[in-house]
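Just target.tsv here, TSV, C-alpha atoms:
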chain	number	residue	atom	x	y	z
A	1	MET	CA	104.56	-5.80	-181.52
A	2	HIS	CA	105.34	-6.73	-177.91
A	3	VAL	CA	102.24	-6.29	-175.76
A	4	PRO	CA	103.16	-4.71	-172.39
A	5	ASP	CA	101.56	-5.39	-169.01
A	6	GLY	CA	98.33	-3.48	-168.54
A	7	PHE	CA	96.93	-3.47	-172.09
A	8	LEU	CA	94.68	-6.51	-171.59
A	9	ASP	CA	92.65	-7.45	-168.51
A	10	ALA	CA	93.47	-10.44	-166.31
A	11	PRO	CA	90.87	-12.90	-167.72
A	12	THR	CA	92.05	-12.27	-171.30
A	13	SER	CA	95.69	-12.60	-170.27
A	14	LEU	CA	94.88	-15.86	-168.51
A	15	GLY	CA	93.07	-17.07	-171.60
A	16	THR	CA	95.98	-16.30	-173.91
A	17	ALA	CA	98.36	-17.86	-171.37
A	18	ALA	CA	96.31	-21.08	-171.57
A	19	VAL	CA	96.34	-20.96	-175.38
A	20	ALA	CA	100.10	-20.35	-175.35
A	21	ALA	CA	100.70	-23.21	-172.89
A	22	VAL	CA	98.74	-25.67	-175.05
A	23	GLY	CA	100.49	-24.38	-178.18
A	24	VAL	CA	103.97	-24.70	-176.69
A	25	GLY	CA	103.08	-28.15	-175.31
A	26	LEU	CA	102.04	-29.33	-178.77
A	27	ALA	CA	105.13	-27.70	-180.28
A	28	LEU	CA	107.41	-29.60	-177.85
A	29	ARG	CA	105.99	-32.81	-179.36
A	30	GLY	CA	105.75	-31.63	-182.96
A	31	ALA	CA	109.28	-30.21	-183.04
A	32	ARG	CA	110.73	-33.68	-182.43
A	33	ARG	CA	109.72	-34.62	-185.99
A	34	GLU	CA	111.36	-31.51	-187.43
A	35	LEU	CA	114.66	-31.58	-185.56
A	36	ASP	CA	117.67	-33.82	-186.13
A	37	ASP	CA	121.42	-33.56	-185.62
A	38	ARG	CA	121.77	-31.20	-188.58
A	39	THR	CA	118.76	-28.90	-188.09
A	40	ALA	CA	118.89	-28.48	-184.27
A	41	PRO	CA	121.90	-26.10	-184.44
A	42	LEU	CA	120.05	-24.16	-187.16
A	43	ALA	CA	117.15	-23.67	-184.72
A	44	GLY	CA	119.54	-22.04	-182.24
A	45	LEU	CA	120.84	-19.80	-185.00
A	46	VAL	CA	117.32	-18.81	-186.10
A	47	ALA	CA	116.44	-17.89	-182.49
A	48	ALA	CA	119.56	-15.73	-182.25
A	49	PHE	CA	118.85	-14.08	-185.60
A	50	VAL	CA	115.22	-13.30	-184.72
A	51	PHE	CA	116.34	-11.75	-181.42
A	52	ALA	CA	118.99	-9.63	-183.18
A	53	ALA	CA	116.67	-8.58	-186.00
A	54	GLN	CA	113.97	-7.53	-183.52
A	55	MET	CA	116.46	-4.98	-182.09
A	56	LEU	CA	116.77	-3.38	-185.53
A	57	LYS	CA	113.73	-1.15	-185.65
A	58	PHE	CA	113.29	0.36	-189.09
A	59	PRO	CA	111.35	3.62	-189.76
A	60	ILE	CA	108.11	3.29	-191.71
A	61	GLY	CA	107.21	6.99	-191.78
A	62	GLY	CA	104.88	9.07	-189.63
A	63	GLY	CA	107.25	8.88	-186.65
A	64	THR	CA	106.64	5.16	-186.39
A	65	SER	CA	108.97	2.19	-186.63
A	66	GLY	CA	108.63	-1.53	-187.05
A	67	HIS	CA	110.76	-4.58	-186.54
A	68	LEU	CA	110.85	-8.18	-187.72
A	69	LEU	CA	108.40	-10.49	-185.95
A	70	GLY	CA	110.16	-13.51	-187.44
A	71	GLY	CA	107.40	-16.14	-187.31
A	72	ALA	CA	107.19	-16.79	-191.05
A	73	LEU	CA	110.97	-16.71	-191.41
A	74	ALA	CA	111.49	-19.22	-188.60
A	75	ALA	CA	108.70	-21.51	-189.86
A	76	VAL	CA	110.18	-21.72	-193.35
A	77	LEU	CA	113.73	-22.29	-192.10
A	78	VAL	CA	113.17	-24.81	-189.27
A	79	GLY	CA	109.51	-25.86	-189.50
A	80	PRO	CA	106.40	-24.40	-187.79
A	81	TRP	CA	106.53	-26.42	-184.54
A	82	THR	CA	110.17	-25.56	-183.96
A	83	ALA	CA	109.40	-21.95	-184.96
A	84	THR	CA	106.76	-21.74	-182.21
A	85	LEU	CA	109.44	-22.83	-179.71
A	86	VAL	CA	112.02	-20.44	-181.19
A	87	LEU	CA	109.68	-17.43	-180.88
A	88	SER	CA	108.69	-18.51	-177.34
A	89	VAL	CA	112.35	-18.63	-176.26
A	90	VAL	CA	113.01	-15.20	-177.78
A	91	LEU	CA	109.94	-13.71	-176.05
A	92	LEU	CA	110.79	-15.36	-172.71
A	93	VAL	CA	114.37	-13.99	-172.73
A	94	GLN	CA	113.16	-10.54	-173.86
A	95	GLY	CA	110.55	-10.44	-171.11
A	96	LEU	CA	112.80	-11.69	-168.29
A	97	LEU	CA	116.12	-9.99	-169.11
A	98	PHE	CA	115.26	-7.01	-171.30
A	99	ALA	CA	111.91	-5.88	-169.82
A	100	ASP	CA	110.47	-6.03	-173.36
A	101	GLY	CA	106.96	-7.49	-173.58
A	102	GLY	CA	105.09	-7.76	-170.28
A	103	LEU	CA	105.41	-10.85	-168.10
A	104	THR	CA	101.65	-11.07	-167.51
A	105	ALA	CA	101.41	-10.54	-171.28
A	106	LEU	CA	103.89	-13.34	-172.08
A	107	GLY	CA	101.04	-15.68	-173.01
A	108	THR	CA	99.53	-12.98	-175.21
A	109	ASN	CA	102.85	-12.37	-176.96
A	110	ILE	CA	103.54	-16.09	-177.47
A	111	THR	CA	100.01	-16.48	-178.83
A	112	LEU	CA	100.45	-13.54	-181.22
A	113	LEU	CA	104.05	-13.94	-182.44
A	114	GLY	CA	104.68	-17.63	-181.71
A	115	LEU	CA	101.33	-19.09	-182.79
A	116	VAL	CA	99.44	-16.62	-185.02
A	117	GLY	CA	102.55	-15.19	-186.72
A	118	VAL	CA	104.26	-18.55	-187.14
A	119	TRP	CA	101.26	-20.56	-188.33
A	120	THR	CA	99.81	-17.85	-190.58
A	121	GLY	CA	103.26	-17.58	-192.10
A	122	TRP	CA	103.57	-21.34	-192.54
A	123	LEU	CA	100.09	-21.85	-194.03
A	124	VAL	CA	100.48	-18.94	-196.45
A	125	PHE	CA	103.94	-20.23	-197.37
A	126	ARG	CA	102.56	-23.69	-198.15
A	127	ALA	CA	99.68	-22.20	-200.17
A	128	VAL	CA	101.98	-19.96	-202.21
A	129	GLN	CA	104.44	-22.80	-202.67
A	130	SER	CA	101.70	-25.00	-204.11
A	131	LEU	CA	100.91	-22.32	-206.72
A	132	LEU	CA	104.51	-21.70	-207.78
A	133	PRO	CA	106.77	-24.05	-209.76
A	134	LYS	CA	108.18	-26.74	-207.46
A	135	ARG	CA	111.70	-25.45	-207.55
A	136	VAL	CA	114.24	-24.42	-204.93
A	137	PRO	CA	114.55	-20.77	-206.13
A	138	MET	CA	110.80	-20.32	-205.42
A	139	VAL	CA	111.23	-20.93	-201.67
A	140	ALA	CA	112.46	-17.42	-200.78
A	141	PRO	CA	109.74	-15.52	-202.72
A	142	ALA	CA	107.08	-17.73	-201.13
A	143	ALA	CA	108.60	-16.99	-197.70
A	144	ALA	CA	108.49	-13.25	-198.44
A	145	VAL	CA	104.77	-13.38	-199.31
A	146	ALA	CA	104.11	-15.41	-196.15
A	147	ALA	CA	106.01	-12.86	-194.07
A	148	LEU	CA	104.09	-9.97	-195.65
A	149	VAL	CA	100.71	-11.52	-194.81
A	150	SER	CA	101.65	-12.76	-191.33
A	151	VAL	CA	102.22	-9.29	-189.83
A	152	PRO	CA	98.83	-7.64	-190.50
A	153	VAL	CA	97.06	-10.90	-189.57
A	154	THR	CA	98.88	-10.88	-186.22
A	155	ALA	CA	97.90	-7.22	-185.77
A	156	LEU	CA	94.28	-8.12	-186.57
A	157	VAL	CA	94.27	-10.82	-183.89
A	158	PHE	CA	95.68	-8.32	-181.38
A	159	ALA	CA	92.79	-5.99	-182.20
A	160	GLY	CA	90.40	-8.89	-181.61
A	161	LEU	CA	91.99	-9.61	-178.23
A	162	TYR	CA	91.75	-5.92	-177.34
A	163	ALA	CA	88.08	-5.93	-178.23
A	164	VAL	CA	87.60	-8.81	-175.77
A	165	GLY	CA	89.75	-7.61	-172.90
A	166	GLY	CA	91.25	-4.18	-173.58
A	167	GLN	CA	91.68	-1.93	-170.54
A	168	ALA	CA	90.55	1.24	-172.35
A	169	PRO	CA	87.34	1.84	-174.31
A	170	ILE	CA	88.55	1.97	-177.91
A	171	ARG	CA	86.34	1.62	-180.97
A	172	LEU	CA	87.12	-1.70	-182.64
A	173	ASP	CA	86.85	-0.40	-186.20
A	174	ALA	CA	89.35	2.40	-185.46
A	175	LEU	CA	91.70	-0.07	-183.78
A	176	VAL	CA	91.49	-2.59	-186.65
A	177	THR	CA	92.09	0.12	-189.25
A	178	ALA	CA	95.07	1.59	-187.40
A	179	MET	CA	96.68	-1.73	-186.45
A	180	VAL	CA	96.29	-3.40	-189.85
A	181	GLY	CA	97.32	-0.24	-191.72
A	182	VAL	CA	100.55	0.30	-189.80
A	183	HIS	CA	101.40	-3.39	-189.77
A	184	THR	CA	100.89	-3.83	-193.49
A	185	LEU	CA	103.75	-1.35	-193.92
A	186	ILE	CA	105.81	-3.22	-191.33
A	187	GLY	CA	104.92	-6.40	-193.23
A	188	VAL	CA	106.79	-5.05	-196.27
A	189	GLY	CA	109.95	-4.81	-194.15
A	190	GLU	CA	109.22	-8.27	-192.75
A	191	ALA	CA	108.95	-9.61	-196.32
A	192	VAL	CA	112.25	-8.05	-197.42
A	193	ILE	CA	114.21	-9.31	-194.38
A	194	SER	CA	112.62	-12.78	-194.43
A	195	GLY	CA	113.05	-13.17	-198.21
A	196	LEU	CA	116.73	-12.19	-198.08
A	197	ALA	CA	117.47	-14.39	-195.06
A	198	VAL	CA	115.74	-17.43	-196.56
A	199	ALA	CA	117.42	-16.84	-199.95
A	200	THR	CA	120.82	-16.73	-198.25
A	201	VAL	CA	120.35	-20.02	-196.39
A	202	VAL	CA	118.73	-21.68	-199.43
A	203	ALA	CA	121.70	-20.65	-201.58
A	204	ALA	CA	124.16	-22.11	-199.07
A	205	ARG	CA	122.36	-25.24	-197.88
A	206	PRO	CA	118.90	-25.93	-199.42
A	207	ASP	CA	118.93	-29.38	-197.77
A	208	LEU	CA	118.74	-27.76	-194.31
A	209	VAL	CA	115.72	-25.54	-195.07
A	210	HIS	CA	112.48	-27.09	-193.83
A	211	GLY	CA	110.36	-25.27	-196.43
A	212	ALA	CA	112.59	-26.57	-199.24
A	213	ARG	CA	112.31	-30.23	-198.25
A	214	ARG	CA	109.55	-31.18	-200.64
A	215	VAL	CA	111.09	-29.41	-203.63
A	216	VAL	CA	114.57	-30.76	-202.95
A	217	THR	CA	113.25	-34.33	-202.70
A	218	LYS	CA	111.12	-33.97	-205.81
A	219	ARG	CA	114.10	-32.82	-207.84
A	220	ASP	CA	116.20	-35.72	-206.64
A	221	LEU	CA	113.46	-38.15	-207.64
A	222	VAL	CA	113.22	-36.61	-211.11
A	223	VAL	CA	116.97	-36.95	-211.56
A	224	ARG	CA	116.93	-40.57	-210.41
A	225	ASP	CA	114.01	-41.39	-212.70
A	226	ALA	CA	115.88	-39.93	-215.63
A	227	VAL	CA	118.97	-41.93	-214.80
A	228	ALA	CA	116.96	-45.13	-214.41
A	229	ALA	CA	115.21	-44.56	-217.74
B	1	MET	CA	126.02	-30.34	-203.66
B	2	ARG	CA	127.25	-28.88	-200.38
B	3	SER	CA	128.90	-25.50	-200.58
B	4	ILE	CA	129.54	-25.10	-196.84
B	5	SER	CA	129.30	-27.32	-193.76
B	6	THR	CA	126.49	-27.00	-191.23
B	7	ARG	CA	129.03	-25.86	-188.66
B	8	ALA	CA	130.34	-23.11	-190.94
B	9	LEU	CA	126.80	-21.95	-191.71
B	10	VAL	CA	125.81	-21.76	-188.03
B	11	VAL	CA	129.04	-20.02	-186.97
B	12	THR	CA	128.76	-17.48	-189.80
B	13	GLY	CA	125.10	-16.87	-189.01
B	14	LEU	CA	125.87	-16.37	-185.31
B	15	LEU	CA	128.58	-13.84	-186.17
B	16	VAL	CA	126.07	-11.95	-188.33
B	17	ALA	CA	123.52	-11.98	-185.48
B	18	LEU	CA	126.19	-10.74	-183.03
B	19	LEU	CA	127.13	-7.89	-185.38
B	20	LEU	CA	123.48	-6.94	-185.92
B	21	ALA	CA	122.64	-6.94	-182.19
B	22	GLY	CA	126.01	-5.68	-180.96
B	23	VAL	CA	126.84	-2.99	-183.52
B	24	ALA	CA	124.07	-2.28	-186.04
B	25	SER	CA	121.37	-1.98	-183.34
B	26	PHE	CA	122.87	1.39	-182.32
B	27	TYR	CA	121.62	2.81	-185.62
B	28	ALA	CA	118.08	1.40	-185.31
B	29	SER	CA	115.09	3.74	-185.35
B	30	THR	CA	114.10	5.12	-181.95
B	31	HIS	CA	110.52	5.88	-182.98
B	32	PRO	CA	107.72	3.98	-181.22
B	33	ASP	CA	106.90	0.69	-182.95
B	34	GLY	CA	103.61	-0.07	-184.68
B	35	LEU	CA	101.69	-1.11	-181.56
B	36	GLU	CA	103.11	1.70	-179.36
B	37	SER	CA	102.32	4.24	-182.04
B	38	VAL	CA	98.73	3.03	-182.47
B	39	ALA	CA	98.27	2.97	-178.69
B	40	GLU	CA	99.41	6.58	-178.43
B	41	LYS	CA	97.28	7.79	-181.33
B	42	LEU	CA	94.09	6.04	-180.19
B	43	GLY	CA	94.77	6.87	-176.55
B	44	PHE	CA	95.21	3.52	-174.85
B	45	SER	CA	98.92	3.73	-174.07
B	46	GLY	CA	98.16	5.11	-170.60
B	47	THR	CA	97.21	1.75	-169.09
B	48	VAL	CA	100.76	0.37	-169.45
B	49	GLN	CA	102.16	-0.80	-166.13
B	50	ASP	CA	105.78	-0.76	-165.03
B	51	HIS	CA	107.59	-3.85	-166.19
B	52	ALA	CA	108.26	-6.47	-163.52
B	53	SER	CA	111.77	-6.92	-164.95
B	54	SER	CA	112.53	-3.18	-165.13
B	55	GLY	CA	115.22	-3.76	-162.49
B	56	SER	CA	117.06	-6.25	-164.70
B	57	PRO	CA	120.66	-5.22	-165.45
B	58	LEU	CA	119.77	-5.49	-169.17
B	59	ALA	CA	116.38	-3.75	-169.00
B	60	ASP	CA	115.40	-1.84	-172.16
B	61	TYR	CA	118.40	-3.24	-174.09
B	62	GLY	CA	120.98	-1.30	-172.08
B	63	THR	CA	123.63	-2.63	-169.72
B	64	GLU	CA	123.62	-1.40	-166.14
B	65	GLY	CA	126.83	0.35	-165.16
B	66	ILE	CA	127.93	1.20	-168.71
B	67	SER	CA	127.33	4.87	-169.45
B	68	ASN	CA	128.57	4.83	-173.07
B	69	GLU	CA	125.34	4.36	-175.01
B	70	ARG	CA	126.89	2.51	-177.92
B	71	LEU	CA	128.72	0.08	-175.64
B	72	SER	CA	125.77	-0.33	-173.26
B	73	GLY	CA	123.39	-1.34	-176.05
B	74	GLY	CA	126.04	-3.40	-177.81
B	75	VAL	CA	126.83	-5.50	-174.74
B	76	ALA	CA	123.11	-6.05	-174.09
B	77	GLY	CA	122.63	-7.17	-177.69
B	78	VAL	CA	125.59	-9.56	-177.61
B	79	VAL	CA	124.48	-11.10	-174.30
B	80	GLY	CA	120.94	-11.46	-175.65
B	81	VAL	CA	122.06	-13.21	-178.84
B	82	LEU	CA	124.23	-15.65	-176.88
B	83	VAL	CA	121.54	-16.42	-174.28
B	84	VAL	CA	118.85	-16.94	-176.92
B	85	ALA	CA	121.16	-19.08	-179.07
B	86	LEU	CA	122.10	-21.27	-176.09
B	87	VAL	CA	118.54	-21.68	-174.78
B	88	GLY	CA	116.97	-22.12	-178.23
B	89	GLY	CA	119.73	-24.33	-179.58
B	90	GLY	CA	119.89	-26.35	-176.37
B	91	LEU	CA	116.16	-26.97	-176.38
B	92	ALA	CA	116.25	-28.02	-180.06
B	93	TRP	CA	119.24	-30.28	-179.41
B	94	ALA	CA	117.45	-31.97	-176.51
B	95	LEU	CA	114.30	-32.56	-178.61
B	96	ARG	CA	116.00	-33.72	-181.81
B	97	ARG	CA	115.62	-37.19	-183.34
B	98	ARG	CA	118.83	-39.06	-182.90
B	99	SER	CA	120.49	-39.57	-186.28
B	100	PRO	CA	119.69	-42.93	-187.93
B	101	SER	CA	123.36	-43.93	-188.10
B	102	SER	CA	123.95	-43.52	-184.36
B	103	THR	CA	120.66	-45.28	-183.51
B	104	GLU	CA	121.60	-48.17	-185.78
B	105	LEU	CA	124.98	-48.47	-184.12
B	106	GLU	CA	123.30	-48.54	-180.74
B	107	ARG	CA	120.75	-51.13	-181.80
B	108	GLU	CA	122.89	-53.33	-183.98
B	109	PRO	CA	124.36	-55.55	-181.28
B	110	SER	CA	120.99	-56.37	-179.70
B	111	SER	CA	119.30	-57.08	-183.05
B	112	ARG	CA	122.04	-59.54	-183.93
B	113	THR	CA	121.89	-61.34	-180.63
B	114	PRO	CA	121.24	-65.02	-181.39
B	115	ARG	CA	118.08	-66.41	-179.82
The structure given in the file should be rewritten as structure tokens.
Amino acid sequence: MHVPDGFLDAPTSLGTAAVAAVGVGLALRGARRELDDRTAPLAGLVAAFVFAAQMLKFPIGGGTSGHLLGGALAAVLVGPWTATLVLSVVLLVQGLLFADGGLTALGTNITLLGLVGVWTGWLVFRAVQSLLPKRVPMVAPAAAVAALVSVPVTALVFAGLYAVGGQAPIRLDALVTAMVGVHTLIGVGEAVISGLAVATVVAARPDLVHGARRVVTKRDLVVRDAVAA
Amino acid sequence: MRSISTRALVVTGLLVALLLAGVASFYASTHPDGLESVAEKLGFSGTVQDHASSGSPLADYGTEGISNERLSGGVAGVVGVLVVALVGGGLAWALRRRSPSSTELEREPSSRTPR
């Protein structure tokens, strides 16, 4: 879902650029709390994986394809602030080197994938996590649900931006229906890829996964309590 | 319980990303993605402007000067993975909290300085 140059008018693009700049600025501060010697290399890996996975467009029928957005996946693995930076780096490199995602639309794309996708994914993940048993094997399913929801929500926000500053007169209800419909299907692919990727890292090193921190700590405390008793 | 080291995890993950971008990407769908498809169907794809980076040697995930399609896309994917890993990992490394052990070592002498 990389918005090209020319879809949105200049004022809207400037507005999203301002939102993206503030978001990235906050993320540069917030990420300091999420990153340490062990998780910083993981952030580089997550950026590389999101870039690679975005090249793998999968068919969803009707002559249409989709690809991973990666916001929910990155948020669960390295934390939401770091995930905003990870998605911003991916979008910057794609825009500058690969002519994918317009440069005047960079702020729009960072707002959509790096802020809306990441933070919708993170909030849904935390909500689902609070409903499920507090156990490590629940992290990947919660990540999959978060990924599934994050894609149509991002599509919905694009439709909203288009309603504000789209360069062609398109009926909003038709745009919302089409965008959310197609991206719910893409969200299923997003859920499968994100769930598998999170499950793989959780199986190898649950201590490195940001979204597993609370459950890992809780378990340790339970064990220590039992030993003390 | 640690099954593998952080280094092994990151190296393995990078190899997977390189294989996905360098090899598997050749088999990816070539259909328009969700947004492109919606734009075509609803009729707002016409306002797209030429990309400012369309002259980049890696534009559209191909490599300038390599005519073999599989190799051209593969090289672009590998370069992209490495650039993103270096920029993303480098930024994260620069922002990270220094580990408590190394900070303690740095601070220890000063905190023990007699007054």
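Atom CA of B:Leu82 to atom CA of A:Ala48 spans 7.1 Å [interatomic distance, one decimal].
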Taking a cut-off of 7 Å and counting all atoms listed in the file, can you build a table that, for each residue of chain B near chain A, reports the nearest atom pair and how far apart they are in Å (one decimal), sorted by chain then residue number, as a Markdown table?
| residue | atom | partner | partner_atom | distance |
| --- | --- | --- | --- | --- |
| B:Arg2 | CA | A:Arg205 | CA | 6.6 |
| B:Ser3 | CA | A:Ala204 | CA | 6.0 |
| B:Ile4 | CA | A:Ala204 | CA | 6.5 |
| B:Thr6 | CA | A:Arg38 | CA | 6.9 |
| B:Val10 | CA | A:Leu45 | CA | 6.1 |
| B:Gly13 | CA | A:Leu45 | CA | 6.5 |
| B:Leu14 | CA | A:Leu45 | CA | 6.1 |
| B:Ala17 | CA | A:Phe49 | CA | 5.1 |
| B:Leu20 | CA | A:Ala52 | CA | 5.9 |
| B:Ala21 | CA | A:Ala52 | CA | 4.6 |
| B:Ser25 | CA | A:Leu56 | CA | 5.3 |
| B:Ala28 | CA | A:Leu56 | CA | 5.0 |
| B:Ser29 | CA | A:Lys57 | CA | 5.1 |
| B:His31 | CA | A:Thr64 | CA | 5.2 |
| B:Pro32 | CA | A:Thr64 | CA | 5.4 |
| B:Asp33 | CA | A:Ser65 | CA | 4.5 |
| B:Gly34 | CA | A:Gly66 | CA | 5.7 |
| B:Leu35 | CA | A:Met1 | CA | 5.5 |
| B:Ser37 | CA | A:Thr64 | CA | 6.2 |
| B:Val38 | CA | A:Ala178 | CA | 6.3 |
| B:Phe44 | CA | A:Ala168 | CA | 5.8 |
| B:Thr47 | CA | A:Gly6 | CA | 5.4 |
| B:Val48 | CA | A:Gly6 | CA | 4.6 |
| B:Gln49 | CA | A:Gly6 | CA | 5.3 |
| B:His51 | CA | A:Ala99 | CA | 6.0 |
| B:Ala52 | CA | A:Leu103 | CA | 6.9 |
| B:Ser53 | CA | A:Ala99 | CA | 5.0 |
| B:Ser54 | CA | A:Ala99 | CA | 5.4 |
| B:Ser56 | CA | A:Leu97 | CA | 5.9 |
| B:Leu58 | CA | A:Phe98 | CA | 5.2 |
| B:Ala59 | CA | A:Phe98 | CA | 4.1 |
| B:Asp60 | CA | A:Phe98 | CA | 5.2 |
| B:Tyr61 | CA | A:Phe98 | CA | 5.6 |
| B:Val81 | CA | A:Ala48 | CA | 4.9 |
| B:Val84 | CA | A:Ala48 | CA | 5.5 |
| B:Ala85 | CA | A:Gly44 | CA | 4.6 |
| B:Leu86 | CA | A:Gly44 | CA | 6.7 |
| B:Gly88 | CA | A:Gly44 | CA | 4.8 |
| B:Gly89 | CA | A:Gly44 | CA | 3.5 |
| B:Ala92 | CA | A:Ala40 | CA | 5.0 |
| B:Trp93 | CA | A:Ala40 | CA | 5.2 |
| B:Leu95 | CA | A:Arg32 | CA | 5.3 |
| B:Arg96 | CA | A:Leu35 | CA | 4.5 |
| B:Arg97 | CA | A:Asp36 | CA | 4.8 |
| B:Arg98 | CA | A:Asp36 | CA | 6.3 |
| B:Ser99 | CA | A:Asp37 | CA | 6.1 |
Could the residues in this selection be written to a file with C-alpha atoms, as a PDB file, in the frame of the given file?
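Listing of again.pdb after writing:
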ATOM      1  CA  ARG B   2     127.250 -28.880-200.380  1.00  0.00           C
ATOM      2  CA  SER B   3     128.900 -25.500-200.580  1.00  0.00           C
ATOM      3  CA  ILE B   4     129.540 -25.100-196.840  1.00  0.00           C
ATOM      4  CA  THR B   6     126.490 -27.000-191.230  1.00  0.00           C
ATOM      5  CA  VAL B  10     125.810 -21.760-188.030  1.00  0.00           C
ATOM      6  CA  GLY B  13     125.100 -16.870-189.010  1.00  0.00           C
ATOM      7  CA  LEU B  14     125.870 -16.370-185.310  1.00  0.00           C
ATOM      8  CA  ALA B  17     123.520 -11.980-185.480  1.00  0.00           C
ATOM      9  CA  LEU B  20     123.480  -6.940-185.920  1.00  0.00           C
ATOM     10  CA  ALA B  21     122.640  -6.940-182.190  1.00  0.00           C
ATOM     11  CA  SER B  25     121.370  -1.980-183.340  1.00  0.00           C
ATOM     12  CA  ALA B  28     118.080   1.400-185.310  1.00  0.00           C
ATOM     13  CA  SER B  29     115.090   3.740-185.350  1.00  0.00           C
ATOM     14  CA  HIS B  31     110.520   5.880-182.980  1.00  0.00           C
ATOM     15  CA  PRO B  32     107.720   3.980-181.220  1.00  0.00           C
ATOM     16  CA  ASP B  33     106.900   0.690-182.950  1.00  0.00           C
ATOM     17  CA  GLY B  34     103.610  -0.070-184.680  1.00  0.00           C
ATOM     18  CA  LEU B  35     101.690  -1.110-181.560  1.00  0.00           C
ATOM     19  CA  SER B  37     102.320   4.240-182.040  1.00  0.00           C
ATOM     20  CA  VAL B  38      98.730   3.030-182.470  1.00  0.00           C
ATOM     21  CA  PHE B  44      95.210   3.520-174.850  1.00  0.00           C
ATOM     22  CA  THR B  47      97.210   1.750-169.090  1.00  0.00           C
ATOM     23  CA  VAL B  48     100.760   0.370-169.450  1.00  0.00           C
ATOM     24  CA  GLN B  49     102.160  -0.800-166.130  1.00  0.00           C
ATOM     25  CA  HIS B  51     107.590  -3.850-166.190  1.00  0.00           C
ATOM     26  CA  ALA B  52     108.260  -6.470-163.520  1.00  0.00           C
ATOM     27  CA  SER B  53     111.770  -6.920-164.950  1.00  0.00           C
ATOM     28  CA  SER B  54     112.530  -3.180-165.130  1.00  0.00           C
ATOM     29  CA  SER B  56     117.060  -6.250-164.700  1.00  0.00           C
ATOM     30  CA  LEU B  58     119.770  -5.490-169.170  1.00  0.00           C
ATOM     31  CA  ALA B  59     116.380  -3.750-169.000  1.00  0.00           C
ATOM     32  CA  ASP B  60     115.400  -1.840-172.160  1.00  0.00           C
ATOM     33  CA  TYR B  61     118.400  -3.240-174.090  1.00  0.00           C
ATOM     34  CA  VAL B  81     122.060 -13.210-178.840  1.00  0.00           C
ATOM     35  CA  VAL B  84     118.850 -16.940-176.920  1.00  0.00           C
ATOM     36  CA  ALA B  85     121.160 -19.080-179.070  1.00  0.00           C
ATOM     37  CA  LEU B  86     122.100 -21.270-176.090  1.00  0.00           C
ATOM     38  CA  GLY B  88     116.970 -22.120-178.230  1.00  0.00           C
ATOM     39  CA  GLY B  89     119.730 -24.330-179.580  1.00  0.00           C
ATOM     40  CA  ALA B  92     116.250 -28.020-180.060  1.00  0.00           C
ATOM     41  CA  TRP B  93     119.240 -30.280-179.410  1.00  0.00           C
ATOM     42  CA  LEU B  95     114.300 -32.560-178.610  1.00  0.00           C
ATOM     43  CA  ARG B  96     116.000 -33.720-181.810  1.00  0.00           C
ATOM     44  CA  ARG B  97     115.620 -37.190-183.340  1.00  0.00           C
ATOM     45  CA  ARG B  98     118.830 -39.060-182.900  1.00  0.00           C
ATOM     46  CA  SER B  99     120.490 -39.570-186.280  1.00  0.00           C
TER      47      SER B  99
END
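For the pair atom CA of A:Trp122 and atom CA of A:Val215, the interatomic distance is 15.6 Å.
Ranking B:Ile66, B:Leu91, B:Ala39, B:Leu18 by their shortest atom-to-atom distance to B:Val79, with all atoms listed in the file included, puts B:Leu18 first.
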Selection: 8 Å around stretch 124-130 of chain A, all atoms listed in the file, excl. self and same-chain fewer than 4 positions, as an mmCIF file with C-alpha atoms, in the coordinates of the input:
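Saved to out_15.cif:
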data_model
loop_
_atom_site.group_PDB
_atom_site.id
_atom_site.type_symbol
_atom_site.label_atom_id
_atom_site.label_comp_id
_atom_site.auth_asym_id
_atom_site.auth_seq_id
_atom_site.Cartn_x
_atom_site.Cartn_y
_atom_site.Cartn_z
ATOM 1 C CA ALA A 72 107.190 -16.790 -191.050
ATOM 2 C CA VAL A 76 110.180 -21.720 -193.350
ATOM 3 C CA THR A 120 99.810 -17.850 -190.580
ATOM 4 C CA LYS A 134 108.180 -26.740 -207.460
ATOM 5 C CA MET A 138 110.800 -20.320 -205.420
ATOM 6 C CA VAL A 139 111.230 -20.930 -201.670
ATOM 7 C CA ALA A 142 107.080 -17.730 -201.130
ATOM 8 C CA ALA A 143 108.600 -16.990 -197.700
ATOM 9 C CA VAL A 145 104.770 -13.380 -199.310
ATOM 10 C CA ALA A 146 104.110 -15.410 -196.150
ATOM 11 C CA VAL A 149 100.710 -11.520 -194.810
#
Coordinates-based distance that separates atom CA of A:Glu190 from atom CA of A:Ala75 (Å, one decimal) = 13.6 Å
Identify, on the basis of only C-alpha atoms, every residue whose closest approach to stretch 116-119 of chain A does not exceed 8 Å; exclude the query and any residue fewer than 2 positions from it along the same chain; express the result as a ChimeraX atom specification.
-> /A:69-72,74-75,80,83-84,111-114,121-123,150-151,153-154,157
